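Let me begin by presenting the structure, written as structure tokens, before commenting on it.
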Amino acid sequence: MAARTAPPGAPRAELIADTALALLAERGMRGLTHRAVDEAAGLPQGSTSNHARTRQALLEAAVRRLADREAAVLTVAEMPSAPGGRGDLLDAMALALHRYLTGHPELLVARYELALEATRRPELREFYDRTGSRFRGPLNALMAEAGSPEPERHALSLVAWCEGLMFACAVGSYHAAVPSLEELRKGFQELLRGMLGTQAGHGE
């Protein structure tokens, strides 16, 4: 049975969403039902249905909570300003990704389950994309501060690199060989230098 991930005393809506994410990671999409959430969360039967009456509503609650938890793990808003020293920026990006890979792999599995389901549900696709767009603005600004002449394109390259690494380490062939903090830092350094040239090493 999936363990409760919300702290004691957390709002019921948060408990339900966290439990839904835990179930997705543990049992996959087929294991996510209103009844299963009630049982795993230790809630009276019907509690999840009262909060999210339809499957779509339950999936949206999971997507919303996933975005909140990812924001807390990746701390995009806390990234240092690039002009203040790109060494600090590299350290922060490497730490955020390492924290995700080593401390929250179940979130990645849940995210892949939701992303795949969104390919089959147009209404979920729209909600998933809209919720995920909250990360684009900060990343674009980060790349602009780092000196990118095309911050949106370079932000996409940064996301693609991170996504590929996360997939490989969470469910792919590197799941048992998560890169060290220093290895991730070197990877980010090489990526930024490839996109921005020698200026990516400025301030280190």
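In the structure tokens, chains take letters A, B, ... by order of appearance, with residues numbered from 1 within each chain and ligands from 1 in the order shown.
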Residues at most 8 Å from stretch 58-75 of chain A, counting only C-alpha atoms, excluding those fewer than 2 positions away in the same chain, as a PyMOL selection string?
-> chain A and resi 14+17-18+20-21+34+52-56+77-79+96-97+99-100+107+111+114+124+127-128+131-132
Nearby residues (only C-alpha atoms) at most 6 Å from stretch 137-144 of chain A, same-chain spacing under 5 positions excluded, as a PyMOL selection string | chain A and resi 151-152+155
Check stretch 45-199 of chain A with DSSP on the backbone and list each residue it calls alpha helix (DSSP H), as an NGL selection string.
-> :A and (47-51 or 55-74 or 86-103 or 105-118 or 122-132 or 136-145 or 151-170 or 181-196)
Between A:Glu145, A:Glu117, A:Glu126, A:Glu150, which is the closest to A:Leu32 once you count only C-alpha atoms?
->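 Using only C-alpha atoms, A:Leu32 sits closest to A:Glu117.
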Excluding same-chain residues fewer than 3 positions from A:Glu26, what lies within 12 Å of it counting only C-alpha atoms, as a list of chain:residue names?
->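 My list of contacting residues is A:Met1, A:Ala2, A:Ala3, A:Thr19, A:Ala20, A:Leu21, A:Ala22, A:Leu23, A:Met29, A:Arg30, A:Gly31, A:Leu32, A:Ala36, A:Ala40, A:Pro105, A:Glu106, A:Leu107, A:Leu108, A:Val109, A:Ala110, A:Glu113.
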Those same residues, written as a compact mmCIF listing (two decimals), in the first residue's frame with all heavy atoms?
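Now in result-v4.txt:
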```
# COMPACT_ATOMS: atom_id res chain seq x y z
N MET A 1 0.84 -1.19 0.00
CA MET A 1 0.00 0.00 0.00
C MET A 1 0.87 1.24 0.00
O MET A 1 1.88 1.28 0.68
CB MET A 1 -0.91 0.01 1.23
CG MET A 1 -1.83 1.22 1.30
SD MET A 1 -3.01 1.12 2.68
CE MET A 1 -4.04 -0.24 2.15
N ALA A 2 0.49 2.24 -0.78
CA ALA A 2 1.28 3.46 -0.87
C ALA A 2 1.31 4.18 0.46
O ALA A 2 0.32 4.26 1.17
CB ALA A 2 0.69 4.37 -1.95
N ALA A 3 2.47 4.70 0.79
CA ALA A 3 2.61 5.44 2.03
C ALA A 3 2.09 6.86 1.86
O ALA A 3 2.17 7.44 0.79
CB ALA A 3 4.08 5.48 2.45
N THR A 19 -1.17 11.47 -2.13
CA THR A 19 -1.42 10.03 -2.17
C THR A 19 -1.63 9.57 -3.61
O THR A 19 -1.18 8.48 -4.00
CB THR A 19 -2.64 9.67 -1.32
OG1 THR A 19 -2.43 10.13 0.02
CG2 THR A 19 -2.87 8.17 -1.29
N ALA A 20 -2.30 10.39 -4.41
CA ALA A 20 -2.49 10.05 -5.82
C ALA A 20 -1.14 9.94 -6.53
O ALA A 20 -0.91 9.01 -7.31
CB ALA A 20 -3.36 11.12 -6.50
N LEU A 21 -0.23 10.86 -6.23
CA LEU A 21 1.11 10.79 -6.84
C LEU A 21 1.85 9.54 -6.39
O LEU A 21 2.53 8.89 -7.18
CB LEU A 21 1.90 12.04 -6.46
CG LEU A 21 1.44 13.35 -7.10
CD1 LEU A 21 2.22 14.53 -6.52
CD2 LEU A 21 1.58 13.32 -8.62
N ALA A 22 1.73 9.21 -5.10
CA ALA A 22 2.39 8.01 -4.59
C ALA A 22 1.84 6.76 -5.26
O ALA A 22 2.59 5.82 -5.59
CB ALA A 22 2.23 7.94 -3.08
N LEU A 23 0.54 6.71 -5.47
CA LEU A 23 -0.07 5.56 -6.12
C LEU A 23 0.37 5.44 -7.58
O LEU A 23 0.62 4.34 -8.09
CB LEU A 23 -1.59 5.66 -6.05
CG LEU A 23 -2.22 5.32 -4.69
CD1 LEU A 23 -3.69 5.72 -4.67
CD2 LEU A 23 -2.09 3.83 -4.40
N MET A 29 -0.92 4.08 -13.72
CA MET A 29 -2.19 4.75 -13.94
C MET A 29 -3.38 3.86 -13.59
O MET A 29 -4.39 4.34 -13.06
CB MET A 29 -2.27 5.22 -15.40
CG MET A 29 -3.42 6.15 -15.70
SD MET A 29 -3.46 7.69 -14.73
CE MET A 29 -1.93 8.47 -15.28
N ARG A 30 -3.27 2.58 -13.85
CA ARG A 30 -4.40 1.68 -13.57
C ARG A 30 -4.65 1.55 -12.07
O ARG A 30 -5.76 1.20 -11.66
CB ARG A 30 -4.14 0.30 -14.17
CG ARG A 30 -4.20 0.28 -15.69
CD ARG A 30 -4.06 -1.14 -16.22
NE ARG A 30 -4.15 -1.20 -17.67
CZ ARG A 30 -4.09 -2.30 -18.40
NH1 ARG A 30 -3.92 -3.47 -17.78
NH2 ARG A 30 -4.17 -2.26 -19.71
N GLY A 31 -3.63 1.80 -11.27
CA GLY A 31 -3.80 1.68 -9.83
C GLY A 31 -4.35 2.91 -9.16
O GLY A 31 -4.60 2.90 -7.95
N LEU A 32 -4.55 3.97 -9.94
CA LEU A 32 -5.08 5.21 -9.37
C LEU A 32 -6.60 5.24 -9.50
O LEU A 32 -7.15 5.42 -10.58
CB LEU A 32 -4.48 6.42 -10.08
CG LEU A 32 -5.00 7.78 -9.60
CD1 LEU A 32 -4.65 8.02 -8.14
CD2 LEU A 32 -4.46 8.91 -10.48
N ALA A 36 -8.85 3.68 -4.13
CA ALA A 36 -7.47 3.38 -3.74
C ALA A 36 -6.85 4.55 -2.97
O ALA A 36 -6.09 4.35 -2.01
CB ALA A 36 -6.63 3.07 -4.97
N ALA A 40 -5.35 4.22 0.76
CA ALA A 40 -3.93 4.48 1.00
C ALA A 40 -3.72 5.68 1.92
O ALA A 40 -2.76 5.72 2.69
CB ALA A 40 -3.22 4.71 -0.33
N PRO A 105 12.82 10.48 -6.63
CA PRO A 105 12.63 9.75 -7.89
C PRO A 105 11.17 9.36 -8.14
O PRO A 105 10.75 9.21 -9.28
CB PRO A 105 13.52 8.51 -7.72
CG PRO A 105 13.63 8.34 -6.23
CD PRO A 105 13.66 9.73 -5.68
N GLU A 106 10.39 9.18 -7.04
CA GLU A 106 8.99 8.80 -7.22
C GLU A 106 8.19 9.90 -7.91
O GLU A 106 7.22 9.61 -8.64
CB GLU A 106 8.36 8.44 -5.86
CG GLU A 106 8.00 9.62 -4.97
CD GLU A 106 9.20 10.33 -4.36
OE1 GLU A 106 10.32 9.78 -4.41
OE2 GLU A 106 9.02 11.44 -3.82
N LEU A 107 8.59 11.15 -7.73
CA LEU A 107 7.91 12.24 -8.42
C LEU A 107 8.11 12.15 -9.92
O LEU A 107 7.20 12.44 -10.71
CB LEU A 107 8.41 13.60 -7.91
CG LEU A 107 7.90 14.10 -6.57
CD1 LEU A 107 8.42 15.50 -6.30
CD2 LEU A 107 6.37 14.10 -6.53
N LEU A 108 9.32 11.75 -10.32
CA LEU A 108 9.59 11.61 -11.75
C LEU A 108 8.74 10.51 -12.36
O LEU A 108 8.18 10.66 -13.45
CB LEU A 108 11.08 11.31 -11.97
CG LEU A 108 12.02 12.51 -11.79
CD1 LEU A 108 13.47 12.05 -11.80
CD2 LEU A 108 11.78 13.53 -12.89
N VAL A 109 8.63 9.37 -11.67
CA VAL A 109 7.81 8.28 -12.19
C VAL A 109 6.35 8.73 -12.31
O VAL A 109 5.69 8.45 -13.32
CB VAL A 109 7.92 7.04 -11.28
CG1 VAL A 109 7.01 5.93 -11.77
CG2 VAL A 109 9.36 6.54 -11.22
N ALA A 110 5.85 9.42 -11.30
CA ALA A 110 4.47 9.92 -11.35
C ALA A 110 4.30 10.90 -12.51
O ALA A 110 3.28 10.91 -13.20
CB ALA A 110 4.12 10.59 -10.03
N GLU A 113 3.95 9.04 -15.76
CA GLU A 113 2.62 8.45 -15.86
C GLU A 113 1.59 9.50 -16.31
O GLU A 113 0.76 9.25 -17.18
CB GLU A 113 2.21 7.86 -14.52
CG GLU A 113 2.95 6.60 -14.11
CD GLU A 113 2.50 5.37 -14.88
OE1 GLU A 113 1.46 5.43 -15.55
OE2 GLU A 113 3.20 4.33 -14.80
```
Write out as a PyMOL selection string the residues lying within 10 Å of A:Glu182, counting only C-alpha atoms and excluding same-chain residues fewer than 5 positions away.
-> chain A and resi 91+94-95+98+187-188
Hey, what's within 10 Å of A:Leu191 if we count only C-alpha atoms and toss same-chain stuff fewer than 6 positions away? As number ranges by chain, please?
-> A: 154, 157-158, 161, 185, 197, 200
